Amino acid sequence: MGNIINASLAGVELKTPTILASGFLGVNSGILKRAAECGAGAVTTKSIGFEKRDGHNNPTVFELEAGTGLINAVGLPTPGFRNMEEEWLELKECKVPVIASIFGASVQEFVEVAEFVAGKKPAMIELNISCPNSKSHGQLFGTSKEASFEVTSAVKNVIGKIPLMPKLSPQALNIAEIGKACEEAGADALCAINTLGPGMVINIEARKPVLHYKTGGLSGPAIKPIAVRCVWQLFESVKIPILGLGGITNGRDAVEIIQAGASAVGVGTAIHYNGIEAFGKINSELEDWMQANGFSSIEKLRGIAHD
Amino acid sequence: MIKAPEFAKISRIVPETPTVKTFYLEKELNGIPGQFVMLWLPGVDEKPFSVSQFGKQIAVSIQKKGKFTEKCFELKECDSIGVRGPFGKGFSIAGVKKAIVIGGGCGTAAVAGLPKMLKEQNIKFVSITGARTKEELFSQKNFQNFGELIECTDDGSFGKKGFVTEALKEMLAKEKFDCVMACGPEAMLLNVFKTCEANSTQCQLSLERFMKCGLGVCAQCVIDDQLVCKDGPVFNSEKMRKLSEFGKFARLKSGEKVELKEYYAWRQK
């Protein structure tokens with residue numbers, strides 16, 4: 001028998017709608033499996049790149065004041081796609097769908113990584129075209145309609161039937177247009193939003209920016225209104241499903257972004273506040289709210305805030 | 001608890017050994033032995049260090065063995081350094097009645113706050129510290145002021161000749177202890193763990209891995225499914241038994257998993 005919080009994203013069936021966001025935890029199969037045991041309906045690997053990258057020096061992540069969230073510039077560390085055989089083998093045993101997140105510095109790099117990763121048969125491939133923490137990767141693509149279309153269609157051509165989900169940037173001047181371009185290029189779902197920024201925090205005694213990279217992306221409760229607005233605009237512009245994320249910390253936040261149009265909900269910074277147990281907490285609060293308010297499925301709740 | 005790095009004045013620097021100095025920072029922080037802080041040198045890096053003394057001031061012992069710690073050694077009294085924390089889970093004294101505290105090499109710093117806490121809680125204990133040579137032993141007062149200390153050197157230049165694990169084996173053969181609390185090189189910890197398992201004695205071990213966030217979100221420091229920064233750095237026997245990578249593998253800055261030998265060679269750079 002189904003549960004009222006079962007969800008579905010581009011044909012991928014999810015026991016719960018909460019999905020581990022890329023960039024959080026996803027270094028190895030062990031921790032991804034633990035997130036699944038804690039209630040994640042699907043898990044996303046850390047973005048996998050073309051070549052081995054160390055990312056930035058510390059400080060890479062720290063907490064902002066008064067529960068507003070985190071600022072980070074981890075800088076896309078990756079062993080490189082050829083260097084992860086053991087993780088791929090072990091991920092086959094994961095009890096929930098595994099989404100492979102990938103990034104590249106050029107369309108060609110994206111294509112090569114995607115083709116290889118597709119061979120490992122992940123449940124979905126997430127295209128990270130929106131990371132604000134690297135000069136030559138990410139945001140460069142995600143803020144341009146043409147570049148988003150080009151990379152999405154090029155990757156779509158080499159990954160067969162595996163659903164493709166570009167992750168969009170809140171910095172796009174018109175996120176609805178970018179989403180539409182991805183849909184036209186063959187995207188099967190959209191993920192919104194990546195971190196907001198870049199932003200900067202200066203330690204006034206040190207007289208220096210705190211992050212080693214100087215700037216970093218904002219995540220957590222403070223960016224939730226922007227995430228909700230982006231999902232809202234995408235829902236009005238595209239037909240493909242949306243994975244909504246940005247500051248989702250409790251069940252009510254999940255209800256809100258689903259009402260804006262999300263089919264599933266990404267969870268990242270909430271792990272900082274509530275541990276890996278954040279998934280179970282959001283799931284049970286969401287289920288309680290749905291029961292109390294007479295909703296029998298996520299689908300019935302989805303997009304309900306629209307006229 | 002300090003969330004974003006705050007600048008703290010260095011009130012005192014005490015040379016401990018040719019390669020270890022203890023830095024006293026003017027920053028009031030409360031925590032449990034085994035917990036750590038992140039120390040930040042703007043423009044250089046930020047790294048985790050065990051705190052050997054909490055309170056009105058904190059004490060951090062630093063071993064010079066890479067670019068960051070070399071820069072730390074250039075600091076003078078009255079200079080400032082960024083600090084945030086404390087983070088992670090420290091040693092637990094719940095249910096412990098009679099303990100053995102073990103510190104090996106610079107790992108001694110991570111257990112140096114334990115004797116005071118154990119004494120205050122009326123828990124019986126014996127301490128063992130070890131180093132390669134006499135001049136590399138440090139922090140004796142943190143142990144001797146509160147209880148018995150057995151010191152070991154690999155070369156026999158002071159105290160007992162041999163590894164701390166040999167002293168541990170002798171002790172466990174003579175008497176029953178509740179818990180062994182240890183920090184040191186991973187090869188030593190592996191031996192401590194095996195010895196404890198063979199003697200049906202519980203242990204709590206403080207592990208080390210390359211760390212980025214310190215908050216439990218990036219998983220750079222992951223061992224199997226455990227986050228050293230958040231679930232640890234102190235792990236009990238029950239958790240240790242499940243760590244297949246312990247004593248074998250660790251991750252480089254890119255996240256790549258390598259054998260411990262390669263990891264340590266990289267950490268020295």
# chains A, B, ... in the order shown; residues from 1 in each chain; ligands from 1

$ interface_residues --of "chain B" --to "chain A" --cutoff "8 Å" --atoms "only C-alpha atoms" --output "list in words"
Lys3, Ala4, Pro5, Glu6, Phe7, Trp40, Pro42, Gly43, Val44, Asp45, Glu46, Lys47, Gly82, Lys212, Cys213, Leu215, Gly216, Val217, Cys218, Ala219, Gln220, Val222, Asp224, Asp225, Gln226, Lys253, Ser254, Gly255 and Glu256 of chain B

$ residues_around --residues "A:Ile4" --least-positions-apart "5" --cutoff "10 Å" --atoms "only C-alpha atoms" --output "list in words"
Lys15, Thr16, Leu286, Glu287, Met290, Gln291, Phe295, Ser296, Ser297, Ile298 and Glu299 of chain A

$ select_by_dssp --residues "stretch 102-223 of chain B" --states "strand (DSSP E or B)" --output "number ranges by chain"
B: 102-104, 124-131, 148-153, 160-161, 179-183, 202-206, 222-223

$ write_last_selection --atoms "N, CA and C atoms" --output "PDB file, in the first residue's frame"
ATOM      1  N   ILE B 102      45.279   7.342  27.252  1.00  0.00           N
ATOM      2  CA  ILE B 102      46.510   7.137  26.471  1.00  0.00           C
ATOM      3  C   ILE B 102      46.694   8.243  25.436  1.00  0.00           C
ATOM      4  N   GLY B 103      47.873   8.840  25.423  1.00  0.00           N
ATOM      5  CA  GLY B 103      48.210   9.820  24.409  1.00  0.00           C
ATOM      6  C   GLY B 103      49.497   9.426  23.724  1.00  0.00           C
ATOM      7  N   GLY B 104      49.469   9.357  22.388  1.00  0.00           N
ATOM      8  CA  GLY B 104      50.675   9.005  21.648  1.00  0.00           C
ATOM      9  C   GLY B 104      51.087  10.155  20.753  1.00  0.00           C
ATOM     10  N   LYS B 124      38.521   6.893  38.923  1.00  0.00           N
ATOM     11  CA  LYS B 124      39.906   6.428  39.030  1.00  0.00           C
ATOM     12  C   LYS B 124      40.502   6.279  37.628  1.00  0.00           C
ATOM     13  N   PHE B 125      41.782   6.612  37.504  1.00  0.00           N
ATOM     14  CA  PHE B 125      42.407   6.460  36.185  1.00  0.00           C
ATOM     15  C   PHE B 125      43.926   6.410  36.287  1.00  0.00           C
ATOM     16  N   VAL B 126      44.521   5.855  35.253  1.00  0.00           N
ATOM     17  CA  VAL B 126      45.971   5.875  35.076  1.00  0.00           C
ATOM     18  C   VAL B 126      46.232   6.414  33.670  1.00  0.00           C
ATOM     19  N   SER B 127      47.255   7.243  33.507  1.00  0.00           N
ATOM     20  CA  SER B 127      47.570   7.782  32.179  1.00  0.00           C
ATOM     21  C   SER B 127      48.841   7.153  31.630  1.00  0.00           C
ATOM     22  N   ILE B 128      48.857   6.989  30.314  1.00  0.00           N
ATOM     23  CA  ILE B 128      50.073   6.528  29.626  1.00  0.00           C
ATOM     24  C   ILE B 128      50.316   7.497  28.473  1.00  0.00           C
ATOM     25  N   THR B 129      51.516   8.077  28.410  1.00  0.00           N
ATOM     26  CA  THR B 129      51.839   8.861  27.214  1.00  0.00           C
ATOM     27  C   THR B 129      53.092   8.276  26.580  1.00  0.00           C
ATOM     28  N   GLY B 130      53.177   8.462  25.279  1.00  0.00           N
ATOM     29  CA  GLY B 130      54.323   7.903  24.576  1.00  0.00           C
ATOM     30  C   GLY B 130      54.818   8.823  23.483  1.00  0.00           C
ATOM     31  N   ALA B 131      56.114   8.724  23.192  1.00  0.00           N
ATOM     32  CA  ALA B 131      56.710   9.480  22.094  1.00  0.00           C
ATOM     33  C   ALA B 131      57.939   8.712  21.629  1.00  0.00           C
ATOM     34  N   GLU B 148      48.337   9.211  38.352  1.00  0.00           N
ATOM     35  CA  GLU B 148      49.561   8.512  37.976  1.00  0.00           C
ATOM     36  C   GLU B 148      49.800   8.603  36.468  1.00  0.00           C
ATOM     37  N   LEU B 149      51.064   8.814  36.080  1.00  0.00           N
ATOM     38  CA  LEU B 149      51.421   8.872  34.658  1.00  0.00           C
ATOM     39  C   LEU B 149      52.569   7.909  34.366  1.00  0.00           C
ATOM     40  N   ILE B 150      52.359   7.047  33.361  1.00  0.00           N
ATOM     41  CA  ILE B 150      53.428   6.168  32.892  1.00  0.00           C
ATOM     42  C   ILE B 150      53.880   6.717  31.547  1.00  0.00           C
ATOM     43  N   GLU B 151      55.166   7.002  31.415  1.00  0.00           N
ATOM     44  CA  GLU B 151      55.674   7.547  30.150  1.00  0.00           C
ATOM     45  C   GLU B 151      56.501   6.496  29.415  1.00  0.00           C
ATOM     46  N   CYS B 152      56.313   6.444  28.118  1.00  0.00           N
ATOM     47  CA  CYS B 152      57.023   5.461  27.290  1.00  0.00           C
ATOM     48  C   CYS B 152      57.769   6.177  26.172  1.00  0.00           C
ATOM     49  N   THR B 153      58.944   5.696  25.846  1.00  0.00           N
ATOM     50  CA  THR B 153      59.633   6.207  24.658  1.00  0.00           C
ATOM     51  C   THR B 153      60.051   5.018  23.792  1.00  0.00           C
ATOM     52  N   LYS B 160      59.527   4.061  30.293  1.00  0.00           N
ATOM     53  CA  LYS B 160      59.478   2.687  29.823  1.00  0.00           C
ATOM     54  C   LYS B 160      59.879   2.630  28.354  1.00  0.00           C
ATOM     55  N   LYS B 161      60.702   1.671  27.975  1.00  0.00           N
ATOM     56  CA  LYS B 161      61.077   1.536  26.553  1.00  0.00           C
ATOM     57  C   LYS B 161      59.984   0.761  25.825  1.00  0.00           C
ATOM     58  N   CYS B 179      37.218   1.445  30.811  1.00  0.00           N
ATOM     59  CA  CYS B 179      37.287   2.160  29.542  1.00  0.00           C
ATOM     60  C   CYS B 179      38.696   2.677  29.274  1.00  0.00           C
ATOM     61  N   VAL B 180      39.133   2.559  28.026  1.00  0.00           N
ATOM     62  CA  VAL B 180      40.411   3.114  27.596  1.00  0.00           C
ATOM     63  C   VAL B 180      40.110   4.287  26.674  1.00  0.00           C
ATOM     64  N   MET B 181      40.654   5.451  26.997  1.00  0.00           N
ATOM     65  CA  MET B 181      40.410   6.653  26.188  1.00  0.00           C
ATOM     66  C   MET B 181      41.729   7.066  25.549  1.00  0.00           C
ATOM     67  N   ALA B 182      41.772   7.103  24.211  1.00  0.00           N
ATOM     68  CA  ALA B 182      43.073   7.287  23.568  1.00  0.00           C
ATOM     69  C   ALA B 182      43.045   8.165  22.333  1.00  0.00           C
ATOM     70  N   CYS B 183      44.186   8.816  22.090  1.00  0.00           N
ATOM     71  CA  CYS B 183      44.409   9.518  20.828  1.00  0.00           C
ATOM     72  C   CYS B 183      45.889   9.376  20.477  1.00  0.00           C
ATOM     73  N   GLN B 202      36.014  -1.771  27.040  1.00  0.00           N
ATOM     74  CA  GLN B 202      35.484  -0.718  26.176  1.00  0.00           C
ATOM     75  C   GLN B 202      36.571   0.318  25.895  1.00  0.00           C
ATOM     76  N   CYS B 203      36.509   0.939  24.700  1.00  0.00           N
ATOM     77  CA  CYS B 203      37.433   2.039  24.448  1.00  0.00           C
ATOM     78  C   CYS B 203      36.732   3.191  23.748  1.00  0.00           C
ATOM     79  N   GLN B 204      37.334   4.352  23.853  1.00  0.00           N
ATOM     80  CA  GLN B 204      36.902   5.540  23.106  1.00  0.00           C
ATOM     81  C   GLN B 204      38.150   6.102  22.445  1.00  0.00           C
ATOM     82  N   LEU B 205      38.115   6.182  21.109  1.00  0.00           N
ATOM     83  CA  LEU B 205      39.304   6.595  20.372  1.00  0.00           C
ATOM     84  C   LEU B 205      39.021   7.878  19.586  1.00  0.00           C
ATOM     85  N   SER B 206      39.961   8.803  19.634  1.00  0.00           N
ATOM     86  CA  SER B 206      39.817  10.055  18.887  1.00  0.00           C
ATOM     87  C   SER B 206      40.535   9.919  17.547  1.00  0.00           C
ATOM     88  N   VAL B 222      34.689  11.808   6.026  1.00  0.00           N
ATOM     89  CA  VAL B 222      33.903  10.588   6.260  1.00  0.00           C
ATOM     90  C   VAL B 222      34.777   9.329   6.364  1.00  0.00           C
ATOM     91  N   ILE B 223      34.446   8.457   7.340  1.00  0.00           N
ATOM     92  CA  ILE B 223      35.002   7.100   7.418  1.00  0.00           C
ATOM     93  C   ILE B 223      33.800   6.176   7.359  1.00  0.00           C
TER      94      ILE B 223
END

$ residues_around --residues "stretch 9-18 of chain B" --least-positions-apart "3" --cutoff "7 Å" --atoms "only C-alpha atoms" --output "list in words"
Lys21, Thr22, Phe23, Tyr24, Leu25, Glu26, Glu77, Cys78, Asp79, Ser80, Ile81, Glu135, Glu136 and Phe138 of chain B

$ select_by_dssp --residues "stretch 25-183 of chain A" --states "alpha helix (DSSP H)" --output "ChimeraX atom specification"
/A:29-37,85-91,107-118,139-142,145-156,175-183

$ residues_around --residues "stretch 167-175 of chain A" --least-positions-apart "4" --cutoff "9 Å" --atoms "only C-alpha atoms" --output "list in words"
Glu126, Leu127, Asn128, Ile129, Ser130, Cys131, Pro132, Gly138, Gln139, Gly142, Thr143, Ser144, Lys145, Gly179, Lys180, Leu190, Cys191, Ala192, Ile193, Asn194, Thr195, Leu196, Gly197, Ile226, Ala227, Cys230, Gln233, Leu234 and Leu243 of chain A

$ atom_distance --atom1 "atom CA of A:Pro225" --atom2 "atom CA of A:Gly261"
13.6 Å

$ closest_residue --among "B:Cys196, B:Gly105, B:Ile58, B:Pro86" --to "B:Asn236" --atoms "only C-alpha atoms"
B:Cys196

$ closest_residue --among "B:Phe210, B:Phe246, B:Phe158, B:Phe143" --to "B:Leu190" --atoms "only C-alpha atoms"
B:Phe246

$ residues_around --residues "B:Lys27" --least-positions-apart "4" --cutoff "7 Å" --atoms "only C-alpha atoms" --output "compact mmCIF listing (two decimals) with N, CA and C atoms, in the first residue's frame"
# COMPACT_ATOMS: atom_id res chain seq x y z
N ALA B 8 41.11 35.94 18.21
CA ALA B 8 41.47 35.80 19.61
C ALA B 8 42.96 36.12 19.76
N LYS B 56 38.18 30.17 30.71
CA LYS B 56 38.35 31.60 30.39
C LYS B 56 39.34 31.79 29.24
N GLN B 57 40.31 30.87 29.19
CA GLN B 57 41.25 30.84 28.07
C GLN B 57 41.21 29.42 27.51
N ILE B 58 41.58 29.26 26.25
CA ILE B 58 41.70 27.90 25.75
C ILE B 58 43.15 27.63 25.39

$ residues_around --residues "B:Val51" --least-positions-apart "5" --cutoff "7 Å" --atoms "only C-alpha atoms" --output "PyMOL selection string"
chain B and resi 33+35-37+58-60+110

$ write_last_selection --atoms "N, CA, C and O atoms" --output "mmCIF file, in the first residue's frame"
data_model
loop_
_atom_site.group_PDB
_atom_site.id
_atom_site.type_symbol
_atom_site.label_atom_id
_atom_site.label_comp_id
_atom_site.auth_asym_id
_atom_site.auth_seq_id
_atom_site.Cartn_x
_atom_site.Cartn_y
_atom_site.Cartn_z
ATOM 1 N N PRO B 33 36.756 17.536 26.851
ATOM 2 C CA PRO B 33 37.992 17.015 26.262
ATOM 3 C C PRO B 33 37.687 16.092 25.074
ATOM 4 O O PRO B 33 36.777 15.265 25.155
ATOM 5 N N GLN B 35 36.816 17.422 22.144
ATOM 6 C CA GLN B 35 36.234 18.331 21.149
ATOM 7 C C GLN B 35 37.351 19.177 20.535
ATOM 8 O O GLN B 35 38.448 19.275 21.092
ATOM 9 N N PHE B 36 37.042 19.800 19.388
ATOM 10 C CA PHE B 36 38.088 20.566 18.698
ATOM 11 C C PHE B 36 37.591 21.950 18.292
ATOM 12 O O PHE B 36 36.391 22.211 18.284
ATOM 13 N N VAL B 37 38.551 22.823 17.994
ATOM 14 C CA VAL B 37 38.225 24.128 17.401
ATOM 15 C C VAL B 37 38.881 24.206 16.032
ATOM 16 O O VAL B 37 39.825 23.475 15.734
ATOM 17 N N ILE B 58 41.576 29.264 26.250
ATOM 18 C CA ILE B 58 41.700 27.896 25.751
ATOM 19 C C ILE B 58 43.155 27.625 25.394
ATOM 20 O O ILE B 58 43.897 28.541 25.024
ATOM 21 N N ALA B 59 43.543 26.356 25.544
ATOM 22 C CA ALA B 59 44.903 25.960 25.204
ATOM 23 C C ALA B 59 44.857 24.963 24.055
ATOM 24 O O ALA B 59 44.045 24.036 24.056
ATOM 25 N N VAL B 60 45.717 25.208 23.066
ATOM 26 C CA VAL B 60 45.792 24.339 21.898
ATOM 27 C C VAL B 60 47.257 24.014 21.631
ATOM 28 O O VAL B 60 48.076 24.923 21.497
ATOM 29 N N ALA B 110 45.042 15.771 22.549
ATOM 30 C CA ALA B 110 43.595 15.529 22.533
ATOM 31 C C ALA B 110 43.085 14.894 23.816
ATOM 32 O O ALA B 110 41.900 14.965 24.121
#

$ decode --residues "stretch 151-220 of chain A" --atoms "C-alpha atoms" --output "CSV table (one decimal), in the first residue's frame"
chain,number,residue,atom,x,y,z
A,151,VAL,CA,24.8,21.8,-22.6
A,152,THR,CA,21.4,20.2,-21.8
A,153,SER,CA,20.8,19.0,-25.3
A,154,ALA,CA,24.4,17.8,-25.7
A,155,VAL,CA,24.2,15.8,-22.5
A,156,LYS,CA,20.8,14.5,-23.3
A,157,ASN,CA,22.2,13.0,-26.6
A,158,VAL,CA,24.7,10.7,-24.8
A,159,ILE,CA,22.8,9.4,-21.7
A,160,GLY,CA,20.1,7.3,-23.3
A,161,LYS,CA,16.9,6.9,-21.2
A,162,ILE,CA,18.3,8.2,-17.9
A,163,PRO,CA,16.3,11.2,-16.8
A,164,LEU,CA,18.2,14.5,-17.0
A,165,MET,CA,17.8,17.3,-14.5
A,166,PRO,CA,19.6,20.6,-14.8
A,167,LYS,CA,20.1,22.5,-11.5
A,168,LEU,CA,19.3,26.1,-11.9
A,169,SER,CA,20.8,29.3,-10.5
A,170,PRO,CA,18.7,31.9,-8.6
A,171,GLN,CA,21.0,34.5,-10.2
A,172,ALA,CA,19.3,34.0,-13.6
A,173,LEU,CA,17.6,37.2,-14.6
A,174,ASN,CA,14.7,35.2,-15.8
A,175,ILE,CA,14.7,31.7,-14.4
A,176,ALA,CA,11.5,30.7,-16.2
A,177,GLU,CA,13.3,31.3,-19.5
A,178,ILE,CA,16.2,29.2,-18.5
A,179,GLY,CA,13.9,26.5,-17.4
A,180,LYS,CA,12.0,26.6,-20.6
A,181,ALA,CA,15.2,26.4,-22.6
A,182,CYS,CA,16.3,23.3,-20.7
A,183,GLU,CA,12.9,21.7,-21.2
A,184,GLU,CA,13.1,22.4,-25.0
A,185,ALA,CA,16.6,20.9,-24.9
A,186,GLY,CA,15.2,17.6,-23.5
A,187,ALA,CA,15.5,18.0,-19.8
A,188,ASP,CA,13.2,15.6,-17.9
A,189,ALA,CA,13.1,17.6,-14.6
A,190,LEU,CA,14.5,20.8,-13.2
A,191,CYS,CA,16.2,21.4,-9.9
A,192,ALA,CA,15.8,24.8,-8.3
A,193,ILE,CA,17.7,26.4,-6.7
A,194,ASN,CA,21.4,26.3,-6.2
A,195,THR,CA,22.9,28.6,-3.6
A,196,LEU,CA,22.3,32.3,-3.8
A,197,GLY,CA,25.2,34.6,-4.4
A,198,PRO,CA,28.0,34.8,-4.4
A,199,GLY,CA,28.0,36.7,-1.1
A,200,MET,CA,30.8,37.8,1.2
A,201,VAL,CA,31.4,38.0,5.0
A,202,ILE,CA,34.3,40.1,6.3
A,203,ASN,CA,35.8,39.5,9.7
A,204,ILE,CA,36.4,43.2,10.7
A,205,GLU,CA,39.1,42.4,13.3
A,206,ALA,CA,41.0,40.3,10.8
A,207,ARG,CA,40.1,42.9,8.1
A,208,LYS,CA,39.7,40.0,5.6
A,209,PRO,CA,36.9,38.0,4.0
A,210,VAL,CA,36.3,34.9,6.1
A,211,LEU,CA,36.0,32.4,3.2
A,212,HIS,CA,39.3,31.5,1.7
A,213,TYR,CA,37.8,31.9,-1.7
A,214,LYS,CA,36.5,35.3,-0.4
A,215,THR,CA,33.0,34.8,-1.9
A,216,GLY,CA,30.5,31.9,-1.5
A,217,GLY,CA,26.9,30.8,-2.0
A,218,LEU,CA,24.2,31.3,0.6
A,219,SER,CA,21.9,28.5,1.6
A,220,GLY,CA,19.4,27.9,4.4
